[in-house]
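Shown next: query30.cif, given as mmCIF, C-alpha atoms.
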```
data_model
loop_
_atom_site.label_atom_id
_atom_site.label_comp_id
_atom_site.auth_asym_id
_atom_site.auth_seq_id
_atom_site.Cartn_x
_atom_site.Cartn_y
_atom_site.Cartn_z
CA ILE A 10 -17.34 25.69 -7.14
CA ILE A 11 -19.02 23.68 -9.82
CA ARG A 12 -19.07 25.13 -13.27
CA ALA A 13 -20.69 22.38 -15.04
CA ASN A 14 -27.17 27.34 -16.02
CA PRO A 15 -28.44 28.01 -12.70
CA PHE A 16 -26.24 30.05 -10.41
CA TYR A 17 -26.34 29.30 -6.71
CA LYS A 18 -24.89 30.95 -3.65
CA ALA A 19 -25.17 30.13 0.07
CA ARG A 20 -23.81 31.78 3.19
CA ILE A 21 -22.75 29.77 6.21
CA SER A 22 -22.04 31.51 9.49
CA ALA A 23 -18.71 30.54 10.99
CA PRO A 24 -17.83 32.45 14.17
CA ALA A 25 -14.39 30.88 14.45
CA LEU A 26 -11.85 31.61 11.72
CA SER A 27 -12.21 28.81 9.18
CA THR A 28 -9.47 27.13 7.20
CA PHE A 29 -9.94 25.43 3.84
CA ILE A 30 -8.61 21.85 4.10
CA GLY A 31 -9.10 20.63 0.55
CA GLN A 32 -11.52 19.55 -2.13
CA VAL A 33 -12.29 16.63 -4.37
CA GLY A 34 -14.66 16.27 -7.29
CA LEU A 35 -15.74 14.09 -10.16
CA ALA A 36 -18.11 14.29 -13.13
CA SER A 37 -19.78 11.33 -14.80
CA ILE A 38 -18.90 11.06 -18.47
CA ASP A 39 -21.24 8.14 -19.19
CA GLY A 40 -24.29 9.30 -17.22
CA GLY A 41 -23.82 6.77 -14.42
CA ASN A 42 -23.00 6.97 -10.75
CA VAL A 43 -19.77 8.56 -9.51
CA THR A 44 -17.48 8.08 -6.52
CA THR A 45 -14.68 10.56 -5.96
CA GLY A 46 -11.13 9.77 -5.06
CA ASN A 47 -10.09 10.13 -1.44
CA LEU A 48 -9.89 13.41 0.44
CA ASN A 49 -8.17 13.72 3.81
CA THR A 50 -10.94 15.33 5.87
CA THR A 51 -9.25 14.74 9.23
CA GLY A 52 -10.14 17.66 11.49
CA ALA A 53 -12.87 18.99 9.21
CA THR A 54 -15.86 20.52 10.99
CA LEU A 55 -17.78 21.44 7.83
CA LEU A 56 -18.22 19.71 4.49
CA VAL A 57 -19.97 21.45 1.59
CA ALA A 58 -20.96 19.61 -1.59
CA SER A 59 -22.07 21.12 -4.86
CA VAL A 60 -24.05 18.70 -7.01
CA ALA A 61 -25.10 19.16 -10.64
CA SER A 62 -27.15 16.76 -12.73
CA TYR A 63 -29.46 16.31 -15.70
CA THR A 64 -33.08 17.24 -14.87
CA ALA A 65 -34.88 14.68 -17.06
CA THR A 66 -33.95 11.91 -14.63
CA ALA A 67 -34.22 11.38 -10.89
CA GLU A 68 -32.07 13.54 -8.66
CA PRO A 69 -28.85 11.85 -7.58
CA THR A 70 -28.43 10.84 -3.96
CA ILE A 71 -25.31 11.96 -2.08
CA THR A 72 -23.53 9.62 0.32
CA ASP A 73 -20.02 9.41 1.71
CA SER A 74 -17.71 6.71 3.02
CA ARG A 75 -18.26 7.83 6.62
CA GLY A 76 -22.08 7.70 6.56
CA ASN A 77 -22.65 11.40 7.25
CA THR A 78 -26.07 13.06 6.95
CA TRP A 79 -26.19 15.74 4.25
CA ILE A 80 -28.54 18.73 4.53
CA PRO A 81 -29.82 19.94 1.13
CA LEU A 82 -30.34 23.60 0.26
CA THR A 83 -32.83 24.79 -2.37
CA LYS A 84 -32.54 23.00 -5.70
CA GLN A 85 -32.03 25.30 -8.70
CA GLU A 86 -33.05 24.19 -12.21
CA ASN A 87 -32.63 26.17 -15.39
CA LEU A 88 -35.68 27.26 -17.38
CA THR A 89 -34.95 24.89 -20.24
CA GLY A 90 -35.23 21.94 -17.86
CA VAL A 91 -31.81 20.54 -18.61
CA VAL A 92 -29.55 21.23 -15.63
CA ARG A 93 -30.07 21.26 -11.87
CA CYS A 94 -27.64 22.49 -9.21
CA GLN A 95 -27.90 21.99 -5.46
CA LEU A 96 -25.67 22.63 -2.48
CA TYR A 97 -25.50 20.30 0.52
CA TYR A 98 -23.66 20.69 3.81
CA CYS A 99 -22.69 18.65 6.85
CA TYR A 100 -21.60 20.18 10.19
CA SER A 101 -19.52 18.10 12.61
CA PRO A 102 -18.97 15.30 10.10
CA LEU A 103 -17.29 11.99 10.73
CA THR A 104 -13.95 12.32 8.95
CA ASP A 105 -10.85 10.34 8.05
CA ALA A 106 -7.73 10.38 5.89
CA SER A 107 -9.39 8.56 2.98
CA HIS A 108 -12.88 10.05 2.75
CA SER A 109 -14.76 9.55 -0.53
CA PHE A 110 -18.11 10.88 -1.77
CA SER A 111 -20.66 9.29 -4.11
CA LEU A 112 -23.65 10.25 -6.21
CA SER A 113 -26.11 7.63 -7.33
CA GLY A 114 -28.96 8.20 -9.75
CA ALA A 115 -28.82 6.25 -12.96
CA SER A 116 -28.48 8.31 -16.14
CA SER A 117 -28.47 11.71 -14.37
CA TYR A 118 -24.92 12.62 -15.46
CA PRO A 119 -24.06 13.63 -11.89
CA THR A 120 -21.18 15.91 -10.94
CA ILE A 121 -19.96 16.50 -7.40
CA ILE A 122 -17.39 18.74 -5.78
CA VAL A 123 -16.86 18.56 -2.02
CA MET A 124 -14.93 21.12 0.03
CA ALA A 125 -13.75 20.55 3.60
CA PHE A 126 -13.16 23.27 6.20
CA ASN A 127 -11.96 23.13 9.79
CA SER A 128 -12.34 25.38 12.84
CA THR A 129 -15.87 26.04 11.66
CA THR A 130 -18.75 26.30 14.07
CA GLY A 131 -22.01 28.03 13.39
CA SER A 132 -24.91 27.40 11.09
CA TYR A 133 -26.27 27.82 7.61
CA ASN A 134 -28.04 31.17 7.40
CA ALA A 135 -28.82 32.38 3.86
CA GLU A 136 -29.03 31.41 0.21
CA ASN A 137 -29.84 32.95 -3.13
CA GLY A 138 -30.17 31.54 -6.60
CA ASN A 139 -30.82 32.64 -10.15
CA ILE A 140 -32.26 30.45 -12.84
CA GLY A 141 -32.66 31.20 -16.51
CA THR A 142 -31.46 30.27 -19.92
CA SER A 143 -28.22 32.20 -19.33
CA PRO A 144 -28.11 33.94 -15.95
CA THR A 145 -25.11 36.11 -15.25
CA SER A 146 -25.45 36.58 -11.50
CA THR A 147 -26.61 34.73 -8.41
CA GLY A 148 -28.14 37.78 -6.83
CA SER A 149 -26.65 39.14 -3.68
CA ILE A 150 -26.04 37.77 -0.23
CA THR A 151 -24.92 40.17 2.48
CA THR A 152 -22.85 38.60 5.21
CA ALA A 153 -24.20 38.99 8.72
CA GLY A 154 -20.72 39.42 10.18
CA SER A 155 -17.12 38.40 9.82
CA ASN A 156 -15.77 34.89 9.29
CA GLU A 157 -18.58 33.67 7.09
CA ILE A 158 -18.06 31.19 4.30
CA VAL A 159 -19.84 32.00 1.04
CA ILE A 160 -20.08 29.17 -1.48
CA SER A 161 -21.07 29.80 -5.08
CA ALA A 162 -21.83 27.18 -7.70
CA LEU A 163 -22.77 27.25 -11.37
CA ALA A 164 -24.18 24.38 -13.37
CA SER A 165 -24.61 24.66 -17.13
CA ASN A 166 -25.19 22.42 -20.10
CA ASN A 167 -22.73 24.55 -22.07
CA CYS A 168 -19.45 25.44 -20.38
CA SER A 169 -17.88 27.12 -23.39
CA GLY A 170 -16.75 30.67 -22.69
CA LEU A 171 -17.09 30.44 -18.90
CA THR A 172 -14.10 32.03 -17.22
CA GLY A 173 -14.78 31.74 -13.50
CA ILE A 174 -16.58 33.40 -10.67
CA THR A 175 -15.24 36.78 -9.65
CA SER A 176 -16.16 39.29 -6.93
CA GLY A 177 -13.56 38.09 -4.45
CA PHE A 178 -14.27 34.36 -4.56
CA THR A 179 -11.42 31.91 -4.25
CA TYR A 180 -11.56 29.50 -7.16
CA TYR A 181 -11.37 25.81 -6.31
CA ASP A 182 -12.53 23.55 -9.14
CA ILE A 183 -14.30 23.02 -12.44
CA ALA A 184 -15.99 19.74 -13.28
CA ASN A 185 -17.50 19.46 -16.74
CA VAL A 186 -20.75 17.56 -17.07
CA PHE A 187 -22.11 15.45 -19.93
CA GLY A 188 -18.59 14.41 -20.87
CA ALA A 189 -17.79 17.97 -22.01
#
```
This entry written out as structure tokens:
Amino acid sequence: IIRANPFYKARISAPALSTFIGQVGLASIDGGNVTTGNLNTTGATLLVASVASYTATAEPTITDSRGNTWIPLTKQENLTGVVRCQLYYCYSPLTDASHSFSLSGASSYPTIIVMAFNSTTGSYNAENGNIGTSPTSTGSITTAGSNEIVISALASNNCSGLTGITSGFTYYDIANVFGA
């Protein structure tokens, strides 16, 4: 998850039992472009990226070292016009042992966290978001069946006092934005 104030949640159907492979992330501290370290994505069948950035500039563009095509979900921006958060996914990606991910978009203070899963087949099937000056919930998503992956992300221009996402989520990462 990104905790970098819009909340965001998406549900991805995965009929086969999915396994979390790993994650990698990076936040820009100077406002410029970012490229993560390497993640071994060998065997991954699903990649999910959570991207946060500053709204007063152009949205960052996501690319990866394997040239995959990323499908964007609905962009969420807070009411004060400071922070945006967006999830992207890629089914059946090209993978390797030293896979890196980049965001470009000058001065947008981009932050990215990418998670890799294997044994995942299926499709994206739902999303929900909540924007505001300080939202406390994403709203609900009801799974359509078993073996679904639910991803939740939070982007904020003030991370103080945030303690994590609850309600049964497994916690993977925090990446502070704006050099926080």
Revision key, fill the gap. Using only C-alpha atoms, the shortest atom-to-atom distance to Thr50 (chain A) among A:Ser27, A:Thr78, A:Gln32, A:Thr120 belongs to A:Gln32
Point to revise | Contact residues around region 89-99 of chain A with all atoms listed in the file at 6 Å, ignoring same-chain residues under 2 positions, as a PyMOL selection string | key: chain A and resi 55-64+79-82+84-87+102+164
Check your understanding: Where does the PyMOL selection byres ((chain A and resi 122-126) around 9) land in this file, that is, which residues does it pick, as a PyMOL selection string?
Key -> chain A and resi 10-11+27-36+45+48-50+52-60+110+120-121+127-129+181-184
Practice item. Could you check how far CA of Asp73 (chain A) sits from CA of His108 (chain A), in Å to one decimal? Key: 7.2 Å
